[in-house]
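Some notes on the structure that comes next.
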Amino acid sequence: MKIAVVENERILVKEAETPRLDNRRGAIVKVLGCGLCGSDIVKFIHKIAKDGTVLGHEIVAEIVDINSDTFFQKGDVIVTSHHIPCGKCVYCRHGNVSMCRHFKETNLAPGGFSEYVYLSDEHLQNVAHLKPENLTDVEASFYEPLGCIVRAVKRANLLNGDNTLVVGLGSIGVLTSQALKAYGYNVTGCDLISERIEFLQSFGINAFDVRKLPDDYKADCIFMTSGADKAVGTALKYIRNGGKIVVFSSTPHDETSYPNNEIYYRELTVLGSYSPSPDDLKESLELLRTGQVKVNNISTEYKFDDIQKAFDDTMSNRIMKAYIKVKSDE
Ligand SMILES: [Zn+2]
Ligand SMILES: [Zn+2]
């Protein structure tokens, strides 16, 4: 089978042995497609992913072999996430599932950018779902990224009708804005790129150039989907006293100073949100299935052999989000 591996600062498509179930429980799935996540880009640029790593985790796939007590069958098209919490450790008991050791250790084997993937029985039981019939493969591939967003929205624990500001309108910002609207909050988005501002407006959501946000605008909660250095200043300017800032992006230089006095005197709450729990994922699929969050027109599709270009175009901001069509149509 073909896999895409990190090698010498490139993404190379290579031949590898096709995984087999043999006597294991779980399933072998044929990957139809896989979204390219911002976290894949970060792992690639900052060389966190060692040579030989297969990135990708936002898969839509067809079961080709299975040994499991779940109701899944050969031929089912599913979505799945890669990490599974243990449910028992100190992190899980406090709701910080994405800090769980088991969560961090579980993964797709070898990774989403691969023609075939082995899924453990735990994946099938906890984080895999049938792809809703009304969704295209590309739309369904947003199951995991939207799960991260559901988590961020829930961690903010807002009141009905609260004013929220989304800083950064890449694919995650656009999805976060739509999810906030679906949950009944007032949403404003901001960015520097006019096409992105207009794109969010096309969903009937307020969006501004960040330099043109009214000075007296104040949000109850701000979602930081941009890791740009200036985003922190924007958040501090537009958060109301006593408000919350959800940190929902990594930043290229981790030297952002910690605004001690603003947090103290203004009673701000700053919280991080990382990766979704099985419940967040279930809710994500429901938002997609019911069309409350619309994800068509966000992804650009690439052939598997063109995966390097997908990485390049994402890094240069030429596109919002890449979807790698792993299965070729012949
Ligand atoms: Zn992702
Ligand atoms: Zn745990």
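The chains in the structure tokens are called A, B, ... from first to last as shown; in each chain the residues are counted from 1, and the ligands are counted from 1 in the order shown.
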
Practice prompt. Enumerate as a PyMOL selection string all residues of stretch 195-306 of chain A assigned to alpha helix (DSSP H) by DSSP on the backbone, naming them with the chain letters and numbers the document uses.
Written response: chain A and resi 195-201+231-238+260-265+278-289

Discussion item. Would you pick out the contacts of A:Gly52 at 8 Å or less, using only C-alpha atoms, so that residues sharing its chain but fewer than 6 positions from it are not included, and give the list as a PyMOL selection string?
Written reply: chain A and resi 5-7

Chain A residues near ligand 1 within 8 Å, closest pair each, using only C-alpha atoms and all ligand atoms, as CSV:
```
residue,atom,partner,partner_atom_place_in_ligand_line,distance
A:Gly35,CA,ligand 1,1 (Zn),7.6
A:Leu36,CA,ligand 1,1 (Zn),7.3
A:Cys37,CA,ligand 1,1 (Zn),4.5
A:Gly38,CA,ligand 1,1 (Zn),6.8
A:Ser39,CA,ligand 1,1 (Zn),6.4
A:Asp40,CA,ligand 1,1 (Zn),7.7
A:Gly56,CA,ligand 1,1 (Zn),7.7
A:His57,CA,ligand 1,1 (Zn),6.3
A:Glu58,CA,ligand 1,1 (Zn),5.8
A:Glu144,CA,ligand 1,1 (Zn),5.8
A:Pro145,CA,ligand 1,1 (Zn),4.7
A:Cys148,CA,ligand 1,1 (Zn),7.7
```

What does the file look like for those residues with N, CA and C atoms, as a tab-separated table (two decimals), in the first residue's frame?
```tsv
chain	number	residue	atom	x	y	z
A	35	GLY	N	-8.38	14.69	6.36
A	35	GLY	CA	-8.14	16.13	6.44
A	35	GLY	C	-6.74	16.41	6.95
A	36	LEU	N	-6.20	17.54	6.51
A	36	LEU	CA	-4.87	17.96	6.99
A	36	LEU	C	-5.10	18.97	8.11
A	37	CYS	N	-4.68	18.59	9.32
A	37	CYS	CA	-4.94	19.37	10.53
A	37	CYS	C	-3.82	20.38	10.77
A	38	GLY	N	-4.17	21.50	11.40
A	38	GLY	CA	-3.14	22.47	11.79
A	38	GLY	C	-2.07	21.83	12.65
A	39	SER	N	-2.45	20.84	13.46
A	39	SER	CA	-1.46	20.18	14.32
A	39	SER	C	-0.47	19.35	13.50
A	40	ASP	N	-0.92	18.82	12.35
A	40	ASP	CA	0.02	18.10	11.46
A	40	ASP	C	1.07	19.08	10.93
A	56	GLY	N	-1.64	12.72	9.95
A	56	GLY	CA	-3.05	12.60	9.53
A	56	GLY	C	-3.88	11.82	10.53
A	57	HIS	N	-5.03	12.38	10.90
A	57	HIS	CA	-5.91	11.66	11.83
A	57	HIS	C	-7.39	11.94	11.57
A	58	GLU	N	-7.70	12.81	10.60
A	58	GLU	CA	-9.10	13.18	10.37
A	58	GLU	C	-9.66	12.32	9.24
A	144	GLU	N	-13.55	15.14	13.58
A	144	GLU	CA	-12.57	15.33	14.67
A	144	GLU	C	-12.26	16.81	14.92
A	145	PRO	N	-11.93	17.61	13.88
A	145	PRO	CA	-11.67	19.03	14.17
A	145	PRO	C	-12.87	19.73	14.82
A	148	CYS	N	-13.00	19.12	18.50
A	148	CYS	CA	-12.11	20.00	19.29
A	148	CYS	C	-12.84	21.30	19.61
```

Closest atom pairs, stretch 240-315 of chain A residues within 8 Å of stretch 169-181 of chain A, only C-alpha atoms, as CSV:
```
residue,atom,partner,partner_atom,distance
A:Leu287,CA,A:Ala179,CA,7.9
A:Gln292,CA,A:Ala179,CA,7.4
A:Val293,CA,A:Gln178,CA,5.6
A:Lys294,CA,A:Gln178,CA,7.8
A:Val295,CA,A:Leu175,CA,7.6
A:Ile298,CA,A:Ser171,CA,6.7
```

Practice prompt. Tell me, as a count of residues only, which residues lie within 10 Å of A:Gly291, counting only C-alpha atoms; anything in the same chain fewer than 4 positions away does not count.
Written response: 7

Practice prompt. Using only C-alpha atoms and all ligand atoms, find each protein or nucleic acid residue lying at most 7 Å from ligand 2; present the set as a PyMOL selection string.
Written response: chain A and resi 85-92+97+100-103

Set the distance at 10 Å and use only C-alpha atoms: which residues neighbour A:Asn126 once local chain neighbours fewer than 3 positions away are removed? I'd like the list as a PDB file with N, CA and C atoms, in the first residue's frame.
```pdb
ATOM      1  N   THR A  80     -13.666   8.351  12.459  1.00  0.00           N
ATOM      2  CA  THR A  80     -13.100   7.998  13.764  1.00  0.00           C
ATOM      3  C   THR A  80     -12.085   9.053  14.173  1.00  0.00           C
ATOM      4  N   SER A  81     -11.840   9.098  15.467  1.00  0.00           N
ATOM      5  CA  SER A  81     -10.779   9.947  15.972  1.00  0.00           C
ATOM      6  C   SER A  81      -9.623   9.036  16.350  1.00  0.00           C
ATOM      7  N   HIS A  83      -7.430   9.338  19.375  1.00  0.00           N
ATOM      8  CA  HIS A  83      -7.070   9.142  20.782  1.00  0.00           C
ATOM      9  C   HIS A  83      -8.274   8.730  21.629  1.00  0.00           C
ATOM     10  N   ILE A  84      -8.018   7.880  22.622  1.00  0.00           N
ATOM     11  CA  ILE A  84      -9.098   7.402  23.497  1.00  0.00           C
ATOM     12  C   ILE A  84      -8.690   7.563  24.958  1.00  0.00           C
ATOM     13  N   PRO A  85      -9.505   8.263  25.768  1.00  0.00           N
ATOM     14  CA  PRO A  85      -9.173   8.422  27.188  1.00  0.00           C
ATOM     15  C   PRO A  85      -9.439   7.133  27.973  1.00  0.00           C
ATOM     16  N   ASP A 121      -9.996  -2.257  18.755  1.00  0.00           N
ATOM     17  CA  ASP A 121     -11.386  -2.435  19.158  1.00  0.00           C
ATOM     18  C   ASP A 121     -11.839  -1.243  20.013  1.00  0.00           C
ATOM     19  N   GLU A 122     -10.892  -0.700  20.792  1.00  0.00           N
ATOM     20  CA  GLU A 122     -11.200   0.486  21.604  1.00  0.00           C
ATOM     21  C   GLU A 122     -11.643   1.670  20.741  1.00  0.00           C
ATOM     22  N   HIS A 123     -10.984   1.841  19.606  1.00  0.00           N
ATOM     23  CA  HIS A 123     -11.417   2.900  18.685  1.00  0.00           C
ATOM     24  C   HIS A 123     -12.859   2.655  18.257  1.00  0.00           C
ATOM     25  N   HIS A 129     -17.831   6.178  14.421  1.00  0.00           N
ATOM     26  CA  HIS A 129     -19.271   6.265  14.123  1.00  0.00           C
ATOM     27  C   HIS A 129     -19.475   6.049  12.635  1.00  0.00           C
ATOM     28  N   SER A 277     -13.151  14.835  23.782  1.00  0.00           N
ATOM     29  CA  SER A 277     -13.551  13.594  24.446  1.00  0.00           C
ATOM     30  C   SER A 277     -14.537  12.859  23.531  1.00  0.00           C
ATOM     31  N   PRO A 278     -14.800  11.579  23.792  1.00  0.00           N
ATOM     32  CA  PRO A 278     -15.786  10.858  22.979  1.00  0.00           C
ATOM     33  C   PRO A 278     -17.148  11.560  22.934  1.00  0.00           C
ATOM     34  N   ASP A 279     -17.572  12.196  24.033  1.00  0.00           N
ATOM     35  CA  ASP A 279     -18.858  12.911  24.031  1.00  0.00           C
ATOM     36  C   ASP A 279     -18.824  14.149  23.132  1.00  0.00           C
ATOM     37  N   LEU A 281     -17.066  14.472  20.530  1.00  0.00           N
ATOM     38  CA  LEU A 281     -17.067  13.980  19.150  1.00  0.00           C
ATOM     39  C   LEU A 281     -18.479  13.615  18.694  1.00  0.00           C
ATOM     40  N   LYS A 282     -19.234  12.997  19.598  1.00  0.00           N
ATOM     41  CA  LYS A 282     -20.615  12.631  19.266  1.00  0.00           C
ATOM     42  C   LYS A 282     -21.403  13.884  18.920  1.00  0.00           C
TER      43      LYS A 282
END
```

Worksheet item: With only C-alpha atoms as the basis for distance, which of A:Gln73, A:Asn260, A:Thr164, A:Pro110 is at the shortest distance from A:Pro19?
Response: A:Pro110

Practice prompt. Can you pull out every residue within 10 Å of stretch 196-198 of chain A, counting only C-alpha atoms, but drop anything in the same chain fewer than 2 positions away, and send it as a PyMOL selection string?
Written response: chain A and resi 168-171+173-174+189-194+200-210+320

Go ahead and write the residues just picked, N, CA and C atoms, as a compact mmCIF listing (two decimals), in the first residue's frame.
```
# COMPACT_ATOMS: atom_id res chain seq x y z
N GLY A 168 -9.28 35.20 14.60
CA GLY A 168 -8.67 34.31 13.59
C GLY A 168 -9.75 33.54 12.87
N LEU A 169 -9.85 33.73 11.55
CA LEU A 169 -10.92 33.08 10.79
C LEU A 169 -10.40 32.11 9.75
N GLY A 170 -9.43 31.30 10.14
CA GLY A 170 -9.06 30.14 9.32
C GLY A 170 -10.19 29.13 9.45
N SER A 171 -9.96 27.89 9.00
CA SER A 171 -11.06 26.91 9.04
C SER A 171 -11.56 26.72 10.47
N GLY A 173 -11.50 28.87 12.96
CA GLY A 173 -12.25 30.06 13.37
C GLY A 173 -13.65 30.09 12.77
N VAL A 174 -13.75 29.70 11.50
CA VAL A 174 -15.07 29.70 10.83
C VAL A 174 -15.98 28.64 11.48
N GLY A 189 -16.68 37.61 14.51
CA GLY A 189 -15.38 37.07 14.13
C GLY A 189 -14.47 38.19 13.67
N CYS A 190 -13.16 38.01 13.80
CA CYS A 190 -12.25 39.02 13.24
C CYS A 190 -10.99 38.36 12.69
N ASP A 191 -10.44 39.01 11.68
CA ASP A 191 -9.23 38.52 11.02
C ASP A 191 -8.61 39.72 10.30
N LEU A 192 -7.49 39.49 9.65
CA LEU A 192 -6.87 40.56 8.87
C LEU A 192 -7.12 40.36 7.37
N ILE A 193 -7.49 39.13 6.98
CA ILE A 193 -7.61 38.81 5.56
C ILE A 193 -9.06 39.01 5.12
N SER A 194 -9.27 39.89 4.14
CA SER A 194 -10.65 40.28 3.78
C SER A 194 -11.48 39.11 3.26
N LEU A 200 -16.90 34.45 6.43
CA LEU A 200 -17.71 34.26 7.64
C LEU A 200 -19.04 35.02 7.52
N GLN A 201 -19.00 36.20 6.92
CA GLN A 201 -20.24 36.97 6.72
C GLN A 201 -21.23 36.19 5.87
N SER A 202 -20.72 35.33 4.96
CA SER A 202 -21.62 34.56 4.09
C SER A 202 -22.45 33.55 4.89
N PHE A 203 -22.07 33.30 6.14
CA PHE A 203 -22.87 32.42 7.01
C PHE A 203 -23.84 33.25 7.87
N GLY A 204 -23.93 34.55 7.57
CA GLY A 204 -24.81 35.41 8.37
C GLY A 204 -24.23 35.73 9.73
N ILE A 205 -22.90 35.69 9.84
CA ILE A 205 -22.25 35.97 11.13
C ILE A 205 -21.44 37.27 10.99
N ASN A 206 -21.54 38.14 12.00
CA ASN A 206 -20.78 39.39 12.02
C ASN A 206 -19.30 39.12 11.92
N ALA A 207 -18.62 39.83 11.03
CA ALA A 207 -17.16 39.67 10.98
C ALA A 207 -16.53 41.00 10.60
N PHE A 208 -15.41 41.28 11.21
CA PHE A 208 -14.73 42.56 11.00
C PHE A 208 -13.26 42.34 10.73
N ASP A 209 -12.67 43.34 10.07
CA ASP A 209 -11.22 43.46 10.07
C ASP A 209 -10.86 43.81 11.51
N VAL A 210 -9.88 43.12 12.05
CA VAL A 210 -9.56 43.29 13.46
C VAL A 210 -9.22 44.76 13.79
N MET A 320 -7.66 27.33 2.87
CA MET A 320 -8.08 27.31 4.28
C MET A 320 -7.78 25.96 4.91
```
